[in-house]
2 protein chains.
Amino acid sequence: MLKVIAQDFIRPEFIATVRPLYEELVAKTRLEKDCISYNLYIDQKDPGHFVFIEEWPDRQALDEHCQTEHFRRLVPLIDSYQREAGTFLLMDAF
Amino acid sequence: MLKVIAQDFIRPEFIATVRPLYEELVAKTRLEKDCISYNLYIDQKDPGHFVFIEEWPDRQALDEHCQTEHFRRLVPLIDSYQREAGTFLLMDAF
């Protein structure tokens, strides 16, 4: 089991622009056969701070997710509206 | 629904010391009537970086968690082994 937290920081004037991109990314990722869970949250103190909490069976499944058409098309587009670089954290269960 | 990410950074020489404290904190928190989920993870790149991913019905439930005997006893004890201050993030669903 691999748990992932991926955080994006979007420029305030583009929050409405990225919403449909995130909606498509979430919907298509959840259809991937190896996706255990893929949920998106918003920081209560910062509406441009988007946080994915993901679960994959292993690193290979995550790598395959990053090679999908929807990931390769949508993530660079979302990133073009960033105010700072995103972060990601790969974790094992305690 | 309230999602929480709480991160702790423990000094390397005390990782074995905090493990049973975390085990007790997780076990007792999961018994709280309003706890939806409470899971602990470890950063694959940093064995002293512990990450809680929590779900509560609302802020009041989280505040009540922070007033429980196990929280008030164990969290300051765990924090005494920190190498830097912990962080927490309160989030709404996208």
# chains A, B, ... in the order shown; residues from 1 in each chain; ligands from 1
>>> select_by_dssp(residues="chain B", states="helix (DSSP H, G or I)", output="ChimeraX atom specification")
/B:12-30,59-65,69-79
>>> write_last_selection(atoms="N, CA and C atoms", output="tab-separated table (two decimals), in the first residue's frame")
chain	number	residue	atom	x	y	z
B	12	PRO	N	15.64	11.55	15.36
B	12	PRO	CA	15.90	10.16	14.95
B	12	PRO	C	16.13	9.21	16.12
B	13	GLU	N	16.79	9.68	17.16
B	13	GLU	CA	17.12	8.79	18.27
B	13	GLU	C	15.91	8.48	19.15
B	14	PHE	N	14.76	9.10	18.87
B	14	PHE	CA	13.56	8.83	19.69
B	14	PHE	C	12.43	8.18	18.89
B	15	ILE	N	12.71	7.75	17.67
B	15	ILE	CA	11.66	7.13	16.87
B	15	ILE	C	11.11	5.87	17.56
B	16	ALA	N	11.97	5.05	18.10
B	16	ALA	CA	11.51	3.84	18.80
B	16	ALA	C	10.71	4.20	20.06
B	17	THR	N	11.07	5.31	20.68
B	17	THR	CA	10.37	5.75	21.90
B	17	THR	C	8.93	6.17	21.61
B	18	VAL	N	8.74	6.87	20.49
B	18	VAL	CA	7.39	7.39	20.21
B	18	VAL	C	6.46	6.33	19.63
B	19	ARG	N	6.98	5.27	19.07
B	19	ARG	CA	6.11	4.29	18.41
B	19	ARG	C	4.97	3.80	19.31
B	20	PRO	N	5.25	3.34	20.55
B	20	PRO	CA	4.13	2.87	21.38
B	20	PRO	C	3.18	4.00	21.78
B	21	LEU	N	3.69	5.23	21.82
B	21	LEU	CA	2.82	6.37	22.12
B	21	LEU	C	1.85	6.60	20.96
B	22	TYR	N	2.37	6.54	19.74
B	22	TYR	CA	1.50	6.65	18.57
B	22	TYR	C	0.50	5.49	18.51
B	23	GLU	N	0.98	4.29	18.82
B	23	GLU	CA	0.06	3.13	18.78
B	23	GLU	C	-1.12	3.35	19.72
B	24	GLU	N	-0.84	3.82	20.92
B	24	GLU	CA	-1.92	4.05	21.89
B	24	GLU	C	-2.83	5.19	21.41
B	25	LEU	N	-2.22	6.26	20.89
B	25	LEU	CA	-3.02	7.40	20.42
B	25	LEU	C	-3.98	6.97	19.30
B	26	VAL	N	-3.47	6.20	18.36
B	26	VAL	CA	-4.32	5.74	17.25
B	26	VAL	C	-5.43	4.83	17.76
B	27	ALA	N	-5.07	3.88	18.61
B	27	ALA	CA	-6.08	2.91	19.10
B	27	ALA	C	-7.18	3.62	19.88
B	28	LYS	N	-6.81	4.52	20.77
B	28	LYS	CA	-7.82	5.19	21.61
B	28	LYS	C	-8.64	6.20	20.81
B	29	THR	N	-8.00	6.87	19.86
B	29	THR	CA	-8.75	7.84	19.05
B	29	THR	C	-9.79	7.13	18.20
B	30	ARG	N	-9.44	5.97	17.66
B	30	ARG	CA	-10.41	5.25	16.83
B	30	ARG	C	-11.64	4.80	17.62
B	59	ARG	N	-15.78	20.55	13.03
B	59	ARG	CA	-14.75	21.12	13.87
B	59	ARG	C	-14.98	20.81	15.36
B	60	GLN	N	-16.24	20.77	15.76
B	60	GLN	CA	-16.53	20.47	17.17
B	60	GLN	C	-16.01	19.07	17.54
B	61	ALA	N	-16.17	18.12	16.66
B	61	ALA	CA	-15.69	16.76	16.95
B	61	ALA	C	-14.16	16.75	17.08
B	62	LEU	N	-13.49	17.51	16.23
B	62	LEU	CA	-12.03	17.60	16.33
B	62	LEU	C	-11.62	18.26	17.64
B	63	ASP	N	-12.33	19.33	18.01
B	63	ASP	CA	-12.01	20.01	19.27
B	63	ASP	C	-12.22	19.07	20.46
B	64	GLU	N	-13.26	18.25	20.40
B	64	GLU	CA	-13.51	17.30	21.50
B	64	GLU	C	-12.39	16.24	21.55
B	65	HIS	N	-11.93	15.81	20.38
B	65	HIS	CA	-10.79	14.88	20.32
B	65	HIS	C	-9.58	15.48	21.04
B	69	GLU	N	-8.60	12.56	27.30
B	69	GLU	CA	-7.48	12.23	28.20
B	69	GLU	C	-6.30	11.73	27.40
B	70	HIS	N	-6.52	10.84	26.43
B	70	HIS	CA	-5.39	10.26	25.68
B	70	HIS	C	-4.68	11.33	24.84
B	71	PHE	N	-5.43	12.25	24.24
B	71	PHE	CA	-4.77	13.31	23.46
B	71	PHE	C	-3.94	14.20	24.38
B	72	ARG	N	-4.54	14.64	25.48
B	72	ARG	CA	-3.86	15.59	26.37
B	72	ARG	C	-2.66	14.98	27.09
B	73	ARG	N	-2.65	13.67	27.23
B	73	ARG	CA	-1.50	13.01	27.85
B	73	ARG	C	-0.44	12.67	26.81
B	74	LEU	N	-0.86	12.09	25.66
B	74	LEU	CA	0.12	11.53	24.72
B	74	LEU	C	0.74	12.58	23.80
B	75	VAL	N	-0.05	13.54	23.34
B	75	VAL	CA	0.49	14.49	22.35
B	75	VAL	C	1.62	15.34	22.92
B	76	PRO	N	1.48	15.90	24.12
B	76	PRO	CA	2.63	16.66	24.67
B	76	PRO	C	3.86	15.76	24.90
B	77	LEU	N	3.61	14.50	25.25
B	77	LEU	CA	4.72	13.57	25.46
B	77	LEU	C	5.44	13.30	24.12
B	78	ILE	N	4.66	13.03	23.08
B	78	ILE	CA	5.26	12.84	21.75
B	78	ILE	C	6.00	14.11	21.33
B	79	ASP	N	5.37	15.27	21.56
B	79	ASP	CA	5.98	16.54	21.14
B	79	ASP	C	7.31	16.80	21.85
>>> calpha_fit_and_write(fixed="chain B", moving="chain A", output="compact mmCIF listing (two decimals) with N, CA, C and O atoms, in the first residue's frame")
# COMPACT_ATOMS: atom_id res chain seq x y z
N MET A 1 -18.14 17.51 6.83
CA MET A 1 -16.94 16.66 6.85
C MET A 1 -15.70 17.54 6.95
O MET A 1 -15.57 18.52 6.24
N LEU A 2 -14.83 17.17 7.85
CA LEU A 2 -13.57 17.89 8.04
C LEU A 2 -12.42 16.90 7.86
O LEU A 2 -12.38 15.86 8.54
N LYS A 3 -11.52 17.20 6.94
CA LYS A 3 -10.34 16.36 6.72
C LYS A 3 -9.14 17.07 7.35
O LYS A 3 -9.02 18.30 7.23
N VAL A 4 -8.27 16.30 7.99
CA VAL A 4 -7.12 16.88 8.69
C VAL A 4 -5.85 16.12 8.29
O VAL A 4 -5.86 14.89 8.21
N ILE A 5 -4.79 16.87 8.03
CA ILE A 5 -3.44 16.30 7.92
C ILE A 5 -2.61 16.93 9.03
O ILE A 5 -2.48 18.16 9.08
N ALA A 6 -2.09 16.09 9.92
CA ALA A 6 -1.24 16.59 11.02
C ALA A 6 0.12 15.90 10.88
O ALA A 6 0.19 14.67 10.72
N GLN A 7 1.19 16.70 10.88
CA GLN A 7 2.52 16.15 10.64
C GLN A 7 3.43 16.41 11.83
O GLN A 7 3.49 17.52 12.35
N ASP A 8 4.16 15.37 12.20
CA ASP A 8 5.12 15.45 13.31
C ASP A 8 6.52 15.12 12.78
O ASP A 8 6.67 14.25 11.92
N PHE A 9 7.51 15.77 13.37
CA PHE A 9 8.90 15.55 12.99
C PHE A 9 9.68 15.18 14.24
O PHE A 9 9.90 16.02 15.12
N ILE A 10 10.05 13.90 14.33
CA ILE A 10 10.62 13.34 15.56
C ILE A 10 12.14 13.18 15.41
O ILE A 10 12.63 12.79 14.35
N ARG A 11 12.86 13.47 16.48
CA ARG A 11 14.32 13.29 16.46
C ARG A 11 14.66 11.82 16.24
O ARG A 11 14.03 10.94 16.85
N PRO A 12 15.63 11.56 15.36
CA PRO A 12 15.89 10.16 14.95
C PRO A 12 16.13 9.21 16.11
O PRO A 12 15.67 8.06 16.08
N GLU A 13 16.79 9.69 17.15
CA GLU A 13 17.12 8.79 18.27
C GLU A 13 15.91 8.47 19.14
O GLU A 13 16.01 7.61 20.04
N PHE A 14 14.77 9.10 18.87
CA PHE A 14 13.57 8.84 19.67
C PHE A 14 12.43 8.19 18.88
O PHE A 14 11.31 8.08 19.38
N ILE A 15 12.71 7.75 17.67
CA ILE A 15 11.65 7.13 16.86
C ILE A 15 11.10 5.88 17.55
O ILE A 15 9.88 5.68 17.62
N ALA A 16 11.98 5.05 18.10
CA ALA A 16 11.50 3.84 18.80
C ALA A 16 10.71 4.21 20.06
O ALA A 16 9.77 3.50 20.44
N THR A 17 11.07 5.31 20.68
CA THR A 17 10.38 5.75 21.91
C THR A 17 8.94 6.17 21.60
O THR A 17 8.03 5.89 22.39
N VAL A 18 8.74 6.86 20.48
CA VAL A 18 7.39 7.39 20.20
C VAL A 18 6.45 6.33 19.62
O VAL A 18 5.23 6.50 19.68
N ARG A 19 6.99 5.26 19.06
CA ARG A 19 6.11 4.28 18.41
C ARG A 19 4.98 3.79 19.31
O ARG A 19 3.81 3.82 18.91
N PRO A 20 5.26 3.34 20.54
CA PRO A 20 4.13 2.87 21.37
C PRO A 20 3.18 4.00 21.77
O PRO A 20 1.99 3.76 22.01
N LEU A 21 3.69 5.23 21.83
CA LEU A 21 2.81 6.37 22.13
C LEU A 21 1.85 6.60 20.97
O LEU A 21 0.65 6.82 21.17
N TYR A 22 2.37 6.54 19.75
CA TYR A 22 1.50 6.64 18.58
C TYR A 22 0.50 5.49 18.52
O TYR A 22 -0.66 5.68 18.18
N GLU A 23 0.97 4.29 18.83
CA GLU A 23 0.05 3.13 18.79
C GLU A 23 -1.13 3.34 19.73
O GLU A 23 -2.28 3.08 19.38
N GLU A 24 -0.83 3.82 20.94
CA GLU A 24 -1.92 4.06 21.89
C GLU A 24 -2.83 5.19 21.42
O GLU A 24 -4.05 5.09 21.51
N LEU A 25 -2.22 6.26 20.90
CA LEU A 25 -3.02 7.40 20.42
C LEU A 25 -3.97 6.97 19.30
O LEU A 25 -5.16 7.34 19.29
N VAL A 26 -3.46 6.19 18.37
CA VAL A 26 -4.31 5.74 17.25
C VAL A 26 -5.43 4.83 17.77
O VAL A 26 -6.61 5.01 17.43
N ALA A 27 -5.07 3.88 18.61
CA ALA A 27 -6.07 2.91 19.09
C ALA A 27 -7.18 3.62 19.88
O ALA A 27 -8.37 3.36 19.66
N LYS A 28 -6.80 4.53 20.76
CA LYS A 28 -7.81 5.19 21.60
C LYS A 28 -8.63 6.21 20.80
O LYS A 28 -9.83 6.38 21.05
N THR A 29 -7.99 6.88 19.86
CA THR A 29 -8.75 7.85 19.05
C THR A 29 -9.80 7.14 18.20
O THR A 29 -10.93 7.62 18.05
N ARG A 30 -9.44 5.98 17.66
CA ARG A 30 -10.41 5.26 16.82
C ARG A 30 -11.64 4.81 17.60
O ARG A 30 -12.67 4.53 17.01
N LEU A 31 -11.50 4.75 18.93
CA LEU A 31 -12.66 4.38 19.75
C LEU A 31 -13.57 5.57 20.04
O LEU A 31 -14.68 5.39 20.56
N GLU A 32 -13.12 6.80 19.74
CA GLU A 32 -13.99 7.96 19.99
C GLU A 32 -15.22 7.86 19.09
O GLU A 32 -15.11 7.53 17.91
N LYS A 33 -16.38 8.21 19.65
CA LYS A 33 -17.62 7.96 18.91
C LYS A 33 -17.72 8.79 17.63
O LYS A 33 -18.34 8.35 16.66
N ASP A 34 -17.10 9.95 17.58
CA ASP A 34 -17.22 10.80 16.39
C ASP A 34 -16.07 10.64 15.40
O ASP A 34 -16.02 11.35 14.40
N CYS A 35 -15.14 9.73 15.69
CA CYS A 35 -14.00 9.56 14.79
C CYS A 35 -14.43 8.78 13.54
O CYS A 35 -14.85 7.63 13.64
N ILE A 36 -14.31 9.42 12.37
CA ILE A 36 -14.64 8.72 11.11
C ILE A 36 -13.43 7.92 10.64
O ILE A 36 -13.55 6.75 10.31
N SER A 37 -12.27 8.55 10.61
CA SER A 37 -11.05 7.78 10.32
C SER A 37 -9.85 8.52 10.91
O SER A 37 -9.85 9.76 11.04
N TYR A 38 -8.83 7.74 11.25
CA TYR A 38 -7.65 8.28 11.94
C TYR A 38 -6.51 7.32 11.63
O TYR A 38 -6.40 6.24 12.24
N ASN A 39 -5.71 7.68 10.65
CA ASN A 39 -4.65 6.79 10.18
C ASN A 39 -3.31 7.49 10.21
O ASN A 39 -3.22 8.68 9.93
N LEU A 40 -2.28 6.72 10.52
CA LEU A 40 -0.94 7.26 10.65
C LEU A 40 -0.03 6.64 9.58
O LEU A 40 -0.11 5.44 9.31
N TYR A 41 0.80 7.50 8.98
CA TYR A 41 1.72 7.08 7.92
C TYR A 41 3.10 7.62 8.22
O TYR A 41 3.27 8.53 9.04
N ILE A 42 4.09 7.03 7.52
CA ILE A 42 5.49 7.47 7.67
C ILE A 42 6.04 7.80 6.30
O ILE A 42 5.91 7.01 5.35
N ASP A 43 6.64 8.96 6.20
CA ASP A 43 7.30 9.43 4.97
C ASP A 43 8.36 8.41 4.53
O ASP A 43 9.24 8.05 5.32
N GLN A 44 8.28 7.98 3.27
CA GLN A 44 9.26 6.98 2.80
C GLN A 44 10.69 7.52 2.81
O GLN A 44 11.64 6.75 2.83
N LYS A 45 10.83 8.84 2.77
CA LYS A 45 12.17 9.43 2.72
C LYS A 45 12.68 9.88 4.08
O LYS A 45 13.80 10.40 4.18
N ASP A 46 11.86 9.77 5.13
CA ASP A 46 12.24 10.33 6.43
C ASP A 46 11.50 9.58 7.54
O ASP A 46 10.34 9.86 7.83
N PRO A 47 12.17 8.62 8.19
CA PRO A 47 11.48 7.78 9.18
C PRO A 47 11.04 8.52 10.44
O PRO A 47 10.30 7.97 11.25
N GLY A 48 11.47 9.76 10.61
CA GLY A 48 11.00 10.56 11.74
C GLY A 48 9.85 11.49 11.38
O GLY A 48 9.39 12.27 12.22
N HIS A 49 9.38 11.41 10.16
CA HIS A 49 8.28 12.28 9.69
C HIS A 49 6.99 11.44 9.68
O HIS A 49 6.79 10.60 8.81
N PHE A 50 6.16 11.69 10.68
CA PHE A 50 4.91 10.97 10.87
C PHE A 50 3.74 11.83 10.41
O PHE A 50 3.70 13.04 10.72
N VAL A 51 2.80 11.23 9.70
CA VAL A 51 1.70 11.99 9.08
C VAL A 51 0.36 11.34 9.43
O VAL A 51 0.09 10.20 9.02
N PHE A 52 -0.46 12.05 10.14
CA PHE A 52 -1.83 11.61 10.40
C PHE A 52 -2.76 12.12 9.31
O PHE A 52 -2.68 13.30 8.93
N ILE A 53 -3.62 11.25 8.83
CA ILE A 53 -4.72 11.66 7.94
C ILE A 53 -6.01 11.29 8.68
O ILE A 53 -6.24 10.13 9.00
N GLU A 54 -6.81 12.32 8.96
CA GLU A 54 -7.95 12.16 9.85
C GLU A 54 -9.24 12.63 9.17
O GLU A 54 -9.19 13.51 8.32
N GLU A 55 -10.34 12.06 9.61
CA GLU A 55 -11.63 12.59 9.15
C GLU A 55 -12.59 12.66 10.33
O GLU A 55 -12.72 11.70 11.10
N TRP A 56 -13.21 13.84 10.46
CA TRP A 56 -14.15 14.12 11.54
C TRP A 56 -15.41 14.70 10.94
O TRP A 56 -15.38 15.32 9.87
N PRO A 57 -16.54 14.57 11.63
CA PRO A 57 -17.77 15.14 11.06
C PRO A 57 -17.72 16.66 10.97
O PRO A 57 -18.27 17.25 10.03
N ASP A 58 -17.07 17.30 11.94
CA ASP A 58 -17.04 18.76 11.95
C ASP A 58 -15.96 19.24 12.93
O ASP A 58 -15.31 18.43 13.60
N ARG A 59 -15.80 20.55 13.03
CA ARG A 59 -14.77 21.13 13.88
C ARG A 59 -14.99 20.82 15.36
O ARG A 59 -14.04 20.61 16.11
N GLN A 60 -16.25 20.76 15.75
CA GLN A 60 -16.53 20.46 17.16
C GLN A 60 -16.01 19.08 17.54
O GLN A 60 -15.45 18.89 18.63
N ALA A 61 -16.18 18.11 16.67
CA ALA A 61 -15.69 16.75 16.95
C ALA A 61 -14.17 16.74 17.08
O ALA A 61 -13.61 16.06 17.95
N LEU A 62 -13.49 17.51 16.23
CA LEU A 62 -12.03 17.60 16.32
C LEU A 62 -11.63 18.25 17.64
O LEU A 62 -10.70 17.79 18.32
N ASP A 63 -12.34 19.32 18.01
CA ASP A 63 -12.02 20.01 19.27
C ASP A 63 -12.23 19.07 20.46
O ASP A 63 -11.44 19.08 21.41
N GLU A 64 -13.27 18.25 20.39
CA GLU A 64 -13.51 17.30 21.49
C GLU A 64 -12.40 16.24 21.54
O GLU A 64 -11.97 15.84 22.62
N HIS A 65 -11.93 15.81 20.38
CA HIS A 65 -10.79 14.87 20.32
C HIS A 65 -9.58 15.48 21.05
O HIS A 65 -8.88 14.78 21.81
N CYS A 66 -9.35 16.77 20.82
CA CYS A 66 -8.18 17.42 21.42
C CYS A 66 -8.31 17.62 22.93
O CYS A 66 -7.34 17.98 23.59
N GLN A 67 -9.50 17.37 23.46
CA GLN A 67 -9.73 17.47 24.91
C GLN A 67 -9.76 16.12 25.60
O GLN A 67 -9.93 16.05 26.82
N THR A 68 -9.61 15.04 24.86
CA THR A 68 -9.67 13.71 25.49
C THR A 68 -8.44 13.48 26.37
O THR A 68 -7.38 14.08 26.16
N GLU A 69 -8.59 12.56 27.30
CA GLU A 69 -7.47 12.23 28.20
C GLU A 69 -6.28 11.73 27.40
O GLU A 69 -5.13 12.13 27.63
N HIS A 70 -6.52 10.83 26.44
CA HIS A 70 -5.39 10.25 25.68
C HIS A 70 -4.68 11.32 24.86
O HIS A 70 -3.45 11.33 24.77
N PHE A 71 -5.43 12.25 24.25
CA PHE A 71 -4.78 13.32 23.46
C PHE A 71 -3.95 14.22 24.39
O PHE A 71 -2.78 14.49 24.11
N ARG A 72 -4.54 14.65 25.50
CA ARG A 72 -3.87 15.60 26.38
C ARG A 72 -2.65 14.99 27.08
O ARG A 72 -1.75 15.73 27.49
N ARG A 73 -2.66 13.67 27.24
CA ARG A 73 -1.51 13.02 27.86
C ARG A 73 -0.44 12.67 26.83
O ARG A 73 0.76 12.92 27.03
N LEU A 74 -0.85 12.10 25.69
CA LEU A 74 0.12 11.53 24.73
C LEU A 74 0.73 12.58 23.81
O LEU A 74 1.92 12.49 23.48
N VAL A 75 -0.05 13.55 23.35
CA VAL A 75 0.48 14.49 22.35
C VAL A 75 1.62 15.35 22.93
O VAL A 75 2.67 15.46 22.29
N PRO A 76 1.48 15.90 24.14
CA PRO A 76 2.63 16.66 24.68
C PRO A 76 3.86 15.77 24.90
O PRO A 76 5.00 16.22 24.74
N LEU A 77 3.62 14.50 25.25
CA LEU A 77 4.74 13.57 25.46
C LEU A 77 5.45 13.31 24.12
O LEU A 77 6.68 13.38 24.02
N ILE A 78 4.67 13.03 23.08
CA ILE A 78 5.26 12.84 21.74
C ILE A 78 6.00 14.12 21.32
O ILE A 78 7.13 14.07 20.83
N ASP A 79 5.36 15.26 21.55
CA ASP A 79 5.97 16.53 21.14
C ASP A 79 7.31 16.80 21.84
O ASP A 79 8.16 17.52 21.31
N SER A 80 7.50 16.21 23.00
CA SER A 80 8.77 16.42 23.72
C SER A 80 9.95 15.78 22.99
O SER A 80 11.10 16.08 23.30
N TYR A 81 9.66 14.92 22.00
CA TYR A 81 10.72 14.28 21.21
C TYR A 81 10.84 14.88 19.81
O TYR A 81 11.52 14.33 18.95
N GLN A 82 10.17 16.00 19.58
CA GLN A 82 10.19 16.64 18.26
C GLN A 82 11.55 17.23 17.92
O GLN A 82 12.22 17.78 18.79
N ARG A 83 11.89 17.26 16.64
CA ARG A 83 13.06 18.01 16.18
C ARG A 83 12.64 19.37 15.63
O ARG A 83 13.46 20.28 15.48
N GLU A 84 11.35 19.51 15.30
CA GLU A 84 10.81 20.81 14.88
C GLU A 84 9.30 20.76 15.11
O GLU A 84 8.73 19.69 15.30
N ALA A 85 8.68 21.94 15.10
CA ALA A 85 7.25 22.02 15.40
C ALA A 85 6.43 21.26 14.37
O ALA A 85 6.73 21.29 13.17
N GLY A 86 5.39 20.60 14.83
CA GLY A 86 4.47 19.93 13.93
C GLY A 86 3.60 20.93 13.17
O GLY A 86 3.57 22.13 13.49
N THR A 87 2.91 20.43 12.15
CA THR A 87 2.01 21.28 11.38
C THR A 87 0.65 20.60 11.31
O THR A 87 0.55 19.38 11.46
N PHE A 88 -0.40 21.39 11.08
CA PHE A 88 -1.69 20.76 10.77
C PHE A 88 -2.44 21.59 9.77
O PHE A 88 -2.26 22.82 9.66
N LEU A 89 -3.26 20.89 9.04
CA LEU A 89 -3.98 21.47 7.90
C LEU A 89 -5.42 20.98 7.99
O LEU A 89 -5.65 19.77 8.08
N LEU A 90 -6.36 21.91 8.03
CA LEU A 90 -7.79 21.57 8.05
C LEU A 90 -8.36 21.83 6.66
O LEU A 90 -8.15 22.91 6.08
N MET A 91 -9.07 20.85 6.15
CA MET A 91 -9.52 20.93 4.75
C MET A 91 -10.99 20.55 4.60
O MET A 91 -11.52 19.72 5.34
N ASP A 92 -11.59 21.15 3.57
CA ASP A 92 -12.92 20.75 3.12
C ASP A 92 -12.78 19.90 1.86
O ASP A 92 -11.81 20.05 1.10
N ALA A 93 -13.77 19.08 1.60
CA ALA A 93 -13.78 18.32 0.35
C ALA A 93 -13.89 19.28 -0.84
O ALA A 93 -14.55 20.33 -0.75
N PHE A 94 -13.24 18.97 -1.93
CA PHE A 94 -13.28 19.75 -3.17
C PHE A 94 -14.71 19.81 -3.69
O PHE A 94 -15.40 18.79 -3.71
